[in-house]
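Shown next: upload-v3.cif, containing mmCIF, C-alpha atoms and all ligand atoms.
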```cif
data_run
loop_
_atom_site.label_atom_id
_atom_site.label_comp_id
_atom_site.auth_asym_id
_atom_site.auth_seq_id
_atom_site.Cartn_x
_atom_site.Cartn_y
_atom_site.Cartn_z
CA MET A 1 -1.41 -53.48 81.70
CA ARG A 2 -0.60 -49.90 82.69
CA GLY A 3 2.71 -50.20 80.87
CA ARG A 4 1.00 -51.15 77.67
CA LEU A 5 -1.37 -48.16 77.99
CA TRP A 6 1.61 -45.84 78.45
CA LEU A 7 3.36 -47.36 75.44
CA GLY A 8 0.20 -46.84 73.39
CA ARG A 9 0.14 -43.16 74.36
CA VAL A 10 3.77 -42.72 73.30
CA LEU A 11 3.08 -44.43 69.98
CA VAL A 12 0.14 -42.08 69.35
CA ALA A 13 2.06 -38.99 70.44
CA LEU A 14 5.15 -39.63 68.30
CA PRO A 15 3.52 -39.19 64.88
CA LEU A 16 1.58 -36.17 66.20
CA VAL A 17 4.83 -34.51 67.29
CA ALA A 18 6.38 -35.35 63.91
CA VAL A 19 3.43 -33.84 62.02
CA LEU A 20 3.52 -30.72 64.21
CA ALA A 21 7.25 -30.29 63.58
CA LEU A 22 6.70 -30.69 59.85
CA MET A 23 3.90 -28.09 59.90
CA LEU A 24 6.08 -25.63 61.83
CA ALA A 25 8.95 -26.15 59.40
CA THR A 26 6.64 -25.62 56.42
CA ALA A 27 5.22 -22.44 57.97
CA ALA A 28 8.74 -21.19 58.70
CA GLU A 29 9.73 -21.92 55.12
CA ALA A 30 6.69 -20.11 53.73
CA SER A 31 7.21 -17.02 55.88
CA GLY A 32 10.93 -16.93 55.15
CA SER A 33 11.55 -16.38 58.85
CA GLY A 34 14.85 -18.26 58.85
CA LEU A 35 13.56 -20.71 61.46
CA ASN A 36 13.41 -23.57 59.02
CA PRO A 37 16.03 -26.20 59.93
CA ILE A 38 16.32 -27.23 56.29
CA VAL A 39 19.08 -25.48 54.35
CA PRO A 40 17.83 -23.73 51.18
CA LYS A 41 18.57 -25.52 47.92
CA GLY A 42 20.98 -22.85 46.66
CA GLU A 43 20.64 -20.76 43.51
CA SER A 44 24.39 -20.95 42.96
CA PRO A 45 26.16 -24.28 42.21
CA ASN A 46 28.22 -24.04 45.41
CA GLY A 47 25.00 -23.50 47.37
CA ARG A 48 23.56 -26.64 45.82
CA HIS A 49 26.70 -28.58 46.80
CA ILE A 50 26.24 -27.44 50.40
CA TYR A 51 22.59 -28.51 50.22
CA ASN A 52 23.62 -31.96 48.93
CA LEU A 53 26.27 -32.24 51.64
CA TYR A 54 23.66 -31.27 54.22
CA LEU A 55 21.29 -33.98 52.96
CA GLY A 56 24.13 -36.52 52.73
CA ILE A 57 24.95 -35.95 56.39
CA SER A 58 21.47 -35.37 57.77
CA VAL A 59 19.60 -38.30 56.25
CA PRO A 60 21.99 -40.99 57.56
CA ALA A 61 22.21 -39.10 60.88
CA ILE A 62 18.41 -39.17 61.23
CA LEU A 63 18.32 -42.89 60.35
CA ILE A 64 21.04 -43.65 62.92
CA PHE A 65 19.21 -41.54 65.49
CA LEU A 66 15.97 -43.45 64.88
CA LEU A 67 17.80 -46.81 65.08
CA VAL A 68 19.61 -45.96 68.33
CA GLU A 69 16.57 -44.40 70.00
CA GLY A 70 14.37 -47.28 68.81
CA LEU A 71 16.72 -49.86 70.30
CA LEU A 72 17.01 -47.84 73.50
CA LEU A 73 13.24 -47.55 73.91
CA THR A 74 12.79 -51.24 73.13
CA VAL A 75 15.31 -52.24 75.77
CA ILE A 76 13.88 -49.81 78.32
CA ILE A 77 10.34 -51.03 77.81
CA ARG A 78 10.88 -54.75 77.23
CA PHE A 79 13.46 -55.39 79.91
CA ARG A 80 12.26 -53.06 82.64
CA ARG A 81 12.64 -54.28 86.21
CA LYS A 82 8.94 -54.76 86.85
CA ARG A 83 8.85 -57.51 84.24
CA GLN A 84 11.74 -59.48 85.72
CA PRO A 85 11.76 -61.86 88.69
CA MET A 86 12.60 -60.25 92.04
CA ASP A 87 16.32 -61.19 92.19
CA TYR A 88 16.98 -60.95 88.45
CA GLN A 89 20.52 -60.01 87.33
CA PRO A 90 20.97 -59.10 83.65
CA PRO A 91 23.86 -60.86 81.85
CA GLN A 92 27.16 -59.06 82.48
CA TRP A 93 29.12 -58.31 79.29
CA HIS A 94 32.54 -57.15 80.30
CA GLY A 95 35.44 -57.20 77.90
CA HIS A 96 33.79 -58.24 74.64
CA ARG A 97 36.69 -57.08 72.50
CA LEU A 98 35.14 -57.53 69.05
CA LEU A 99 31.99 -55.65 70.05
CA GLU A 100 34.01 -52.79 71.52
CA ILE A 101 36.16 -52.49 68.42
CA VAL A 102 33.08 -52.47 66.18
CA TRP A 103 31.22 -49.80 68.12
CA THR A 104 34.32 -47.61 68.20
CA ALA A 105 35.27 -48.10 64.55
CA ILE A 106 31.84 -47.42 63.03
CA PRO A 107 31.32 -43.93 64.57
CA LEU A 108 34.97 -43.11 63.86
CA ALA A 109 34.52 -44.00 60.20
CA ILE A 110 31.28 -41.97 60.01
CA VAL A 111 32.88 -38.87 61.52
CA PHE A 112 35.93 -39.30 59.27
CA PHE A 113 33.81 -39.42 56.11
CA ILE A 114 31.68 -36.45 57.21
CA GLY A 115 34.90 -34.47 57.73
CA LEU A 116 36.34 -35.61 54.40
CA PHE A 117 33.24 -34.76 52.34
CA SER A 118 32.79 -31.40 54.12
CA PHE A 119 36.43 -30.48 53.59
CA PHE A 120 36.39 -31.21 49.86
CA THR A 121 33.03 -29.51 49.33
CA LEU A 122 34.23 -26.37 51.09
CA GLN A 123 37.56 -26.39 49.26
CA GLN A 124 35.88 -26.74 45.91
CA ASP A 125 33.17 -24.21 46.60
CA ASN A 126 34.97 -21.43 48.40
CA THR A 127 38.32 -21.17 46.69
CA ALA A 128 38.87 -23.27 43.57
CA SER A 129 36.33 -21.67 41.26
CA ALA A 130 36.92 -18.24 42.68
CA SER A 131 40.63 -18.34 41.88
CA ASP A 132 39.86 -19.08 38.23
CA ASN A 133 39.23 -16.10 36.03
CA PRO A 134 35.93 -14.71 37.24
CA ASP A 135 33.66 -12.81 34.86
CA VAL A 136 32.97 -10.16 37.49
CA ASP A 137 35.21 -9.37 40.43
CA ILE A 138 33.61 -7.32 43.19
CA HIS A 139 35.43 -6.13 46.28
CA VAL A 140 33.06 -6.19 49.25
CA VAL A 141 34.03 -4.17 52.32
CA GLY A 142 32.05 -4.48 55.54
CA HIS A 143 31.99 -1.81 58.23
CA GLN A 144 29.92 -0.97 61.27
CA TYR A 145 27.17 -0.97 59.95
CA GLY A 146 26.94 -1.49 56.25
CA TRP A 147 28.48 -2.71 53.05
CA GLU A 148 30.48 -1.23 50.22
CA TYR A 149 30.46 -2.99 46.88
CA ASN A 150 33.46 -1.87 44.80
CA TYR A 151 32.87 -2.75 41.16
CA PRO A 152 35.78 -3.31 38.75
CA GLU A 153 34.57 -0.35 36.65
CA GLY A 154 35.50 1.94 39.54
CA PHE A 155 32.17 2.85 41.05
CA VAL A 156 31.02 1.96 44.55
CA VAL A 157 27.59 0.96 45.76
CA ALA A 158 27.15 1.65 49.45
CA SER A 159 24.40 -0.07 51.40
CA GLU A 160 23.34 0.71 54.95
CA GLY A 161 20.26 0.24 57.01
CA LEU A 162 17.18 -1.90 56.98
CA GLN A 163 16.33 -1.03 53.37
CA PRO A 164 19.58 -2.20 51.79
CA THR A 165 20.78 -1.12 48.36
CA PRO A 166 21.19 -4.25 46.24
CA LEU A 167 24.43 -5.82 45.17
CA VAL A 168 23.65 -6.14 41.47
CA ILE A 169 25.18 -9.08 39.60
CA PRO A 170 24.69 -10.45 36.08
CA THR A 171 23.04 -13.83 35.53
CA GLY A 172 25.01 -16.76 34.14
CA LYS A 173 28.37 -15.25 35.13
CA LEU A 174 30.95 -16.33 37.68
CA VAL A 175 30.98 -13.51 40.21
CA ARG A 176 33.87 -13.44 42.63
CA LEU A 177 33.41 -11.55 45.90
CA ARG A 178 36.61 -10.52 47.64
CA LEU A 179 35.72 -9.81 51.25
CA ASP A 180 37.35 -7.32 53.59
CA ALA A 181 36.35 -5.58 56.79
CA LYS A 182 37.27 -2.13 58.05
CA ASP A 183 36.75 -2.51 61.77
CA VAL A 184 35.56 -5.81 63.22
CA ILE A 185 34.67 -9.24 61.82
CA HIS A 186 31.48 -9.34 59.77
CA GLY A 187 29.87 -12.22 57.89
CA PHE A 188 28.38 -12.22 54.40
CA TRP A 189 25.50 -14.66 54.04
CA VAL A 190 22.68 -14.90 51.56
CA PRO A 191 21.33 -18.35 52.46
CA GLU A 192 19.42 -18.90 49.21
CA LEU A 193 22.59 -18.40 47.16
CA THR A 194 25.36 -20.18 49.03
CA GLY A 195 27.15 -20.56 52.37
CA LYS A 196 28.52 -17.76 54.48
CA THR A 197 32.00 -16.30 54.56
CA ASP A 198 33.49 -14.02 57.18
CA LEU A 199 34.98 -10.60 56.47
CA VAL A 200 38.11 -10.28 58.58
CA PRO A 201 40.05 -7.01 58.98
CA GLY A 202 43.48 -7.29 57.39
CA TYR A 203 42.76 -10.58 55.66
CA GLN A 204 41.00 -11.06 52.36
CA ASN A 205 38.50 -13.89 52.10
CA VAL A 206 37.02 -14.98 48.81
CA MET A 207 33.66 -16.42 47.84
CA TRP A 208 31.76 -16.74 44.59
CA VAL A 209 28.27 -17.05 43.19
CA LYS A 210 26.89 -17.97 39.80
CA VAL A 211 23.17 -17.43 39.40
CA ASP A 212 21.25 -18.67 36.38
CA GLN A 213 17.96 -16.82 36.72
CA PRO A 214 17.19 -13.19 37.46
CA GLY A 215 15.94 -12.73 40.99
CA GLU A 216 16.43 -11.08 44.31
CA TRP A 217 17.56 -12.59 47.59
CA ARG A 218 17.99 -11.31 51.12
CA GLY A 219 20.78 -11.96 53.56
CA GLU A 220 22.50 -10.34 56.49
CA CYS A 221 25.70 -10.00 58.44
CA THR A 222 26.21 -13.21 60.41
CA GLU A 223 28.79 -12.10 62.94
CA LEU A 224 27.55 -10.16 65.95
CA CYS A 225 29.52 -7.02 65.12
CA GLY A 226 28.04 -4.43 67.46
CA GLN A 227 24.92 -2.58 68.46
CA GLY A 228 23.75 -1.99 64.88
CA HIS A 229 24.52 -5.53 63.71
CA TYR A 230 20.88 -6.19 62.85
CA THR A 231 20.89 -3.29 60.40
CA MET A 232 23.57 -4.96 58.24
CA GLN A 233 21.08 -6.34 55.78
CA ILE A 234 22.03 -7.63 52.34
CA ARG A 235 20.12 -7.64 49.07
CA VAL A 236 21.50 -9.42 46.04
CA LYS A 237 19.83 -8.76 42.71
CA ALA A 238 20.68 -10.87 39.66
CA VAL A 239 19.78 -9.20 36.37
CA SER A 240 20.15 -10.00 32.67
CA ASP A 241 23.22 -8.87 30.74
CA SER A 242 21.48 -5.85 29.22
CA ASP A 243 20.10 -4.76 32.59
CA TYR A 244 23.55 -5.20 34.11
CA ALA A 245 25.06 -2.99 31.40
CA ALA A 246 22.39 -0.37 32.12
CA PHE A 247 23.15 -0.59 35.85
CA LYS A 248 26.85 -0.02 35.22
CA ARG A 249 26.07 2.93 32.93
CA THR A 250 23.82 4.69 35.45
CA SER A 251 26.28 4.01 38.27
CA LEU A 252 29.18 5.50 36.28
CA GLU A 253 27.03 8.50 35.34
CA ALA A 254 26.12 9.02 38.99
CA LYS A 255 29.79 8.78 39.92
CA ALA A 256 30.78 11.35 37.25
CA LYS A 257 28.01 13.67 38.42
CA ALA A 258 29.14 13.41 42.01
CA ALA A 259 32.78 14.10 41.05
CA ALA A 260 31.94 17.19 38.97
CA PRO A 261 32.02 20.44 40.95
CA SER A 262 28.49 21.74 41.29
CA PRO A 263 27.29 24.78 43.25
CA SER A 264 24.86 22.75 45.32
CA ALA A 265 27.60 20.44 46.55
CA ALA A 266 30.03 23.21 47.48
CA PRO A 267 31.91 22.38 50.66
CA SER A 268 30.96 24.42 53.65
CA PRO A 269 33.58 27.07 54.48
CA SER A 270 33.14 26.57 58.20
CA PRO A 271 34.66 23.53 59.89
CA PRO A 272 32.14 20.80 60.62
CA ALA A 273 30.84 20.93 64.14
CA ALA A 274 29.25 17.58 64.72
CA ALA A 275 28.57 18.14 68.37
CA SER A 276 27.22 21.65 67.93
CA PRO A 277 23.47 21.81 68.44
CA SER A 278 23.26 24.79 66.09
CA ALA A 279 24.32 22.70 63.10
CA ASN A 280 21.15 21.73 61.33
CA PRO A 281 21.82 18.78 59.04
CA SER A 282 18.47 19.01 57.28
CA ALA A 283 19.27 22.47 55.90
CA SER A 284 22.04 21.21 53.64
CA PRO A 285 21.75 18.53 50.96
CA PRO A 286 22.96 15.11 52.08
CA PRO A 287 26.52 14.29 51.03
CA SER A 288 26.71 12.09 47.97
CA PRO A 289 28.49 8.80 48.61
CA GLY A 290 29.85 8.56 45.07
CA ALA A 291 33.41 8.99 43.79
CA GLY A 292 34.59 5.91 45.60
CA GLY A 293 34.56 7.67 48.95
CA ASN A 294 32.93 6.08 51.90
CA PRO A 295 30.92 8.58 53.87
CA ALA A 296 31.97 8.60 57.47
CA PRO A 297 29.25 7.00 59.57
CA SER A 298 27.29 9.91 60.93
CA PRO A 299 26.49 9.52 64.58
CA THR A 300 22.79 9.78 65.22
CA SER A 301 20.97 9.97 68.48
CA SER A 302 20.71 6.17 68.56
CA GLY A 303 24.40 5.71 67.91
CA TYR A 304 24.26 4.28 64.39
CA ALA A 305 23.04 5.42 61.04
CA LEU A 306 19.82 3.90 59.78
CA LYS A 307 19.95 5.43 56.35
CA SER A 308 20.44 3.68 53.07
CA ALA A 309 23.01 5.15 50.75
CA GLY A 310 23.87 4.18 47.22
CA VAL A 311 25.17 5.68 44.01
CA SER A 312 22.46 4.10 41.99
CA SER A 313 18.76 4.08 42.17
CA SER A 314 17.17 0.79 41.21
CA PRO A 315 18.79 -0.07 37.89
CA THR A 316 15.94 -2.00 36.44
CA GLY A 317 12.22 -2.06 36.73
CU CU A 401 28.41 -6.97 60.73
#
```
The structure given in the file should be rewritten as structure tokens.
Amino acid sequence: MRGRLWLGRVLVALPLVAVLALMLATAAEASGSGLNPIVPKGESPNGRHIYNLYLGISVPAILIFLLVEGLLLTVIIRFRRKRQPMDYQPPQWHGHRLLEIVWTAIPLAIVFFIGLFSFFTLQQDNTASASDNPDVDIHVVGHQYGWEYNYPEGFVVASEGLQPTPLVIPTGKLVRLRLDAKDVIHGFWVPELTGKTDLVPGYQNVMWVKVDQPGEWRGECTELCGQGHYTMQIRVKAVSDSDYAAFKRTSLEAKAKAAAPSPSAAPSPSPPAAASPSANPSASPPPSPGAGGNPAPSPTSSGYALKSAGVSSSPTG
């Protein structure tokens, strides 16, 4: 009698827990907190393939989980000792060869197919399309703590800090990202576009995106790369062709302006004294990051720069 009451409680609690989990996942999705266990659908075709792979693995896995746990609970509850006669011995099943082969072969086959599908999806989505002729080829360099987007036209967009400068890409075009790192391993991940790829010093990784609609997405470095790791935020902005042309124009203009000698940007005749307390950085204009040069990370009191630097202001409205 008490057992049945306990079983009833479990049966009532299970759907409640499921509903609570669903509510939490929905709230996480709505707030964009990144706590949602469900992978985003992917704005880029390779992102959608990862989403499909995720569903193809997760749905059968959940069904198998429910089957195994259901059988386990049934056996635990139905055949518990209290229900059996005092000297009851359950049937002993040693050496049932066929059964042992079956329960080894089925999981082996499942794991094999998961590996096979994952391998081909990753091959197809990380390298194949990217080694074709891309429409836009951007060289992304990660450093402690920020990003440098080197465009084929010769200008560089630098992004640092919690208000990142966007990586601007055109819609409807195959954009290849060649990934490098200057110091330690970083990771480039914008979950709503596609999967993540590491940036490894001395080794070039490649990824690609192709976005159909204009929009803006956030991401961040996904390798713990040091104290300022959390400041390595990413913004990707997809714009129409005309807006992309305007972005390139303003970026090239900014680069030309930065390269031209101007009295305000005259180099200081005295050697830089970073450690000298008399040097007042606010008295001089900030160095422009244009002309393809990467400004050396300026040590601040907290040990890492929290500023955002970029050759372009927002290219579109
Ligand atoms: Cu990093």
Near-ligand residues for ligand CU 401 (chain A), threshold 7 Å, all atoms listed in the file, as a list in words: Gly142, His143, Gln144, Tyr145, Ile185, His186, Gly187, Cys221, Thr222, Glu223, Leu224, Cys225, His229 and Met232 of chain A
Would you output that residue set with C-alpha atoms, as a compact mmCIF listing (two decimals), in the coordinates of the input?
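selection.txt was written with the following content:
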```txt
# COMPACT_ATOMS: atom_id res chain seq x y z
CA GLY A 142 32.05 -4.48 55.54
CA HIS A 143 31.99 -1.81 58.23
CA GLN A 144 29.92 -0.97 61.27
CA TYR A 145 27.17 -0.97 59.95
CA ILE A 185 34.67 -9.24 61.82
CA HIS A 186 31.48 -9.34 59.77
CA GLY A 187 29.87 -12.22 57.89
CA CYS A 221 25.70 -10.00 58.44
CA THR A 222 26.21 -13.21 60.41
CA GLU A 223 28.79 -12.10 62.94
CA LEU A 224 27.55 -10.16 65.95
CA CYS A 225 29.52 -7.02 65.12
CA HIS A 229 24.52 -5.53 63.71
CA MET A 232 23.57 -4.96 58.24
```
One-decimal distance in Å that lies between CA of Glu69 (chain A) and CA of His94 (chain A): 22.9 Å
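Nearest to Asn46 (chain A) of all the residues A:Thr104, A:Thr194, A:Gln92, A:Thr74 is A:Thr194, based on all atoms listed in the file.
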Contact residues around Ala181 (chain A) with only C-alpha atoms at 10 Å, ignoring same-chain residues under 5 positions, as a PyMOL selection string: chain A and resi 140-144+147-148+186-187+198-205
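Remark: for Lys255 (chain A), the closest of the candidate residues A:Glu153, A:Asp180, A:Asp135, A:Asp212 is A:Glu153 (distances computed over only C-alpha atoms).
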d(CA of Phe117 (chain A), CA of Ile50 (chain A)) in Å: 10.3 Å
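With all atoms listed in the file as the basis for measurement, A:Val39 is the residue among A:Phe79, A:Val39, A:Leu24, A:Asn133 that approaches Ser58 (chain A) most closely.
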Computed interatomic separation between CA of Phe155 (chain A) and CA of Ala260 (chain A) (Å): 14.5 Å
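Closest approach to Lys173 (chain A) among A:Thr197, A:Asn150, A:Gln227, A:Gln213: A:Gln213, based on all atoms listed in the file.
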Where atoms are absent from region 229-247 of chain A, fill them in so it carries N, CA and C atoms, then output it as a PDB file, keeping the file's coordinate frame.
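selection.pdb was written with the following content:
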```pdb
ATOM      1  N   HIS A 229      24.325  -4.311  64.505  1.00  0.00           N
ATOM      2  CA  HIS A 229      24.520  -5.530  63.710  1.00  0.00           C
ATOM      3  C   HIS A 229      23.283  -5.895  62.893  1.00  0.00           C
ATOM      4  N   TYR A 230      22.119  -5.759  63.518  1.00  0.00           N
ATOM      5  CA  TYR A 230      20.880  -6.190  62.850  1.00  0.00           C
ATOM      6  C   TYR A 230      20.555  -5.323  61.643  1.00  0.00           C
ATOM      7  N   THR A 231      21.176  -4.149  61.547  1.00  0.00           N
ATOM      8  CA  THR A 231      20.890  -3.290  60.400  1.00  0.00           C
ATOM      9  C   THR A 231      21.767  -3.647  59.192  1.00  0.00           C
ATOM     10  N   MET A 232      22.689  -4.598  59.364  1.00  0.00           N
ATOM     11  CA  MET A 232      23.570  -4.960  58.240  1.00  0.00           C
ATOM     12  C   MET A 232      22.883  -5.965  57.335  1.00  0.00           C
ATOM     13  N   GLN A 233      21.855  -5.484  56.675  1.00  0.00           N
ATOM     14  CA  GLN A 233      21.080  -6.340  55.780  1.00  0.00           C
ATOM     15  C   GLN A 233      21.748  -6.392  54.403  1.00  0.00           C
ATOM     16  N   ILE A 234      21.447  -7.458  53.684  1.00  0.00           N
ATOM     17  CA  ILE A 234      22.030  -7.630  52.340  1.00  0.00           C
ATOM     18  C   ILE A 234      20.901  -7.918  51.354  1.00  0.00           C
ATOM     19  N   ARG A 235      21.010  -7.295  50.185  1.00  0.00           N
ATOM     20  CA  ARG A 235      20.120  -7.640  49.070  1.00  0.00           C
ATOM     21  C   ARG A 235      21.006  -7.967  47.887  1.00  0.00           C
ATOM     22  N   VAL A 236      20.772  -9.098  47.269  1.00  0.00           N
ATOM     23  CA  VAL A 236      21.500  -9.420  46.040  1.00  0.00           C
ATOM     24  C   VAL A 236      20.482  -9.506  44.920  1.00  0.00           C
ATOM     25  N   LYS A 237      20.774  -8.803  43.825  1.00  0.00           N
ATOM     26  CA  LYS A 237      19.830  -8.760  42.710  1.00  0.00           C
ATOM     27  C   LYS A 237      20.558  -9.249  41.463  1.00  0.00           C
ATOM     28  N   ALA A 238      20.079 -10.363  40.897  1.00  0.00           N
ATOM     29  CA  ALA A 238      20.680 -10.870  39.660  1.00  0.00           C
ATOM     30  C   ALA A 238      19.833 -10.383  38.491  1.00  0.00           C
ATOM     31  N   VAL A 239      20.504  -9.770  37.514  1.00  0.00           N
ATOM     32  CA  VAL A 239      19.780  -9.200  36.370  1.00  0.00           C
ATOM     33  C   VAL A 239      20.402  -9.716  35.066  1.00  0.00           C
ATOM     34  N   SER A 240      19.660  -9.559  33.990  1.00  0.00           N
ATOM     35  CA  SER A 240      20.150 -10.000  32.670  1.00  0.00           C
ATOM     36  C   SER A 240      21.339  -9.133  32.253  1.00  0.00           C
ATOM     37  N   ASP A 241      22.028  -9.592  31.218  1.00  0.00           N
ATOM     38  CA  ASP A 241      23.220  -8.870  30.740  1.00  0.00           C
ATOM     39  C   ASP A 241      22.908  -7.423  30.390  1.00  0.00           C
ATOM     40  N   SER A 242      21.791  -7.212  29.664  1.00  0.00           N
ATOM     41  CA  SER A 242      21.480  -5.850  29.220  1.00  0.00           C
ATOM     42  C   SER A 242      21.155  -4.961  30.429  1.00  0.00           C
ATOM     43  N   ASP A 243      20.425  -5.532  31.391  1.00  0.00           N
ATOM     44  CA  ASP A 243      20.100  -4.760  32.590  1.00  0.00           C
ATOM     45  C   ASP A 243      21.368  -4.461  33.399  1.00  0.00           C
ATOM     46  N   TYR A 244      22.300  -5.419  33.386  1.00  0.00           N
ATOM     47  CA  TYR A 244      23.550  -5.200  34.110  1.00  0.00           C
ATOM     48  C   TYR A 244      24.357  -4.079  33.463  1.00  0.00           C
ATOM     49  N   ALA A 245      24.358  -4.068  32.109  1.00  0.00           N
ATOM     50  CA  ALA A 245      25.060  -2.990  31.400  1.00  0.00           C
ATOM     51  C   ALA A 245      24.429  -1.645  31.739  1.00  0.00           C
ATOM     52  N   ALA A 246      23.093  -1.623  31.793  1.00  0.00           N
ATOM     53  CA  ALA A 246      22.390  -0.370  32.120  1.00  0.00           C
ATOM     54  C   ALA A 246      22.725   0.070  33.537  1.00  0.00           C
ATOM     55  N   PHE A 247      22.799  -0.897  34.454  1.00  0.00           N
ATOM     56  CA  PHE A 247      23.150  -0.590  35.850  1.00  0.00           C
ATOM     57  C   PHE A 247      24.534   0.036  35.939  1.00  0.00           C
TER      58      PHE A 247
END
```
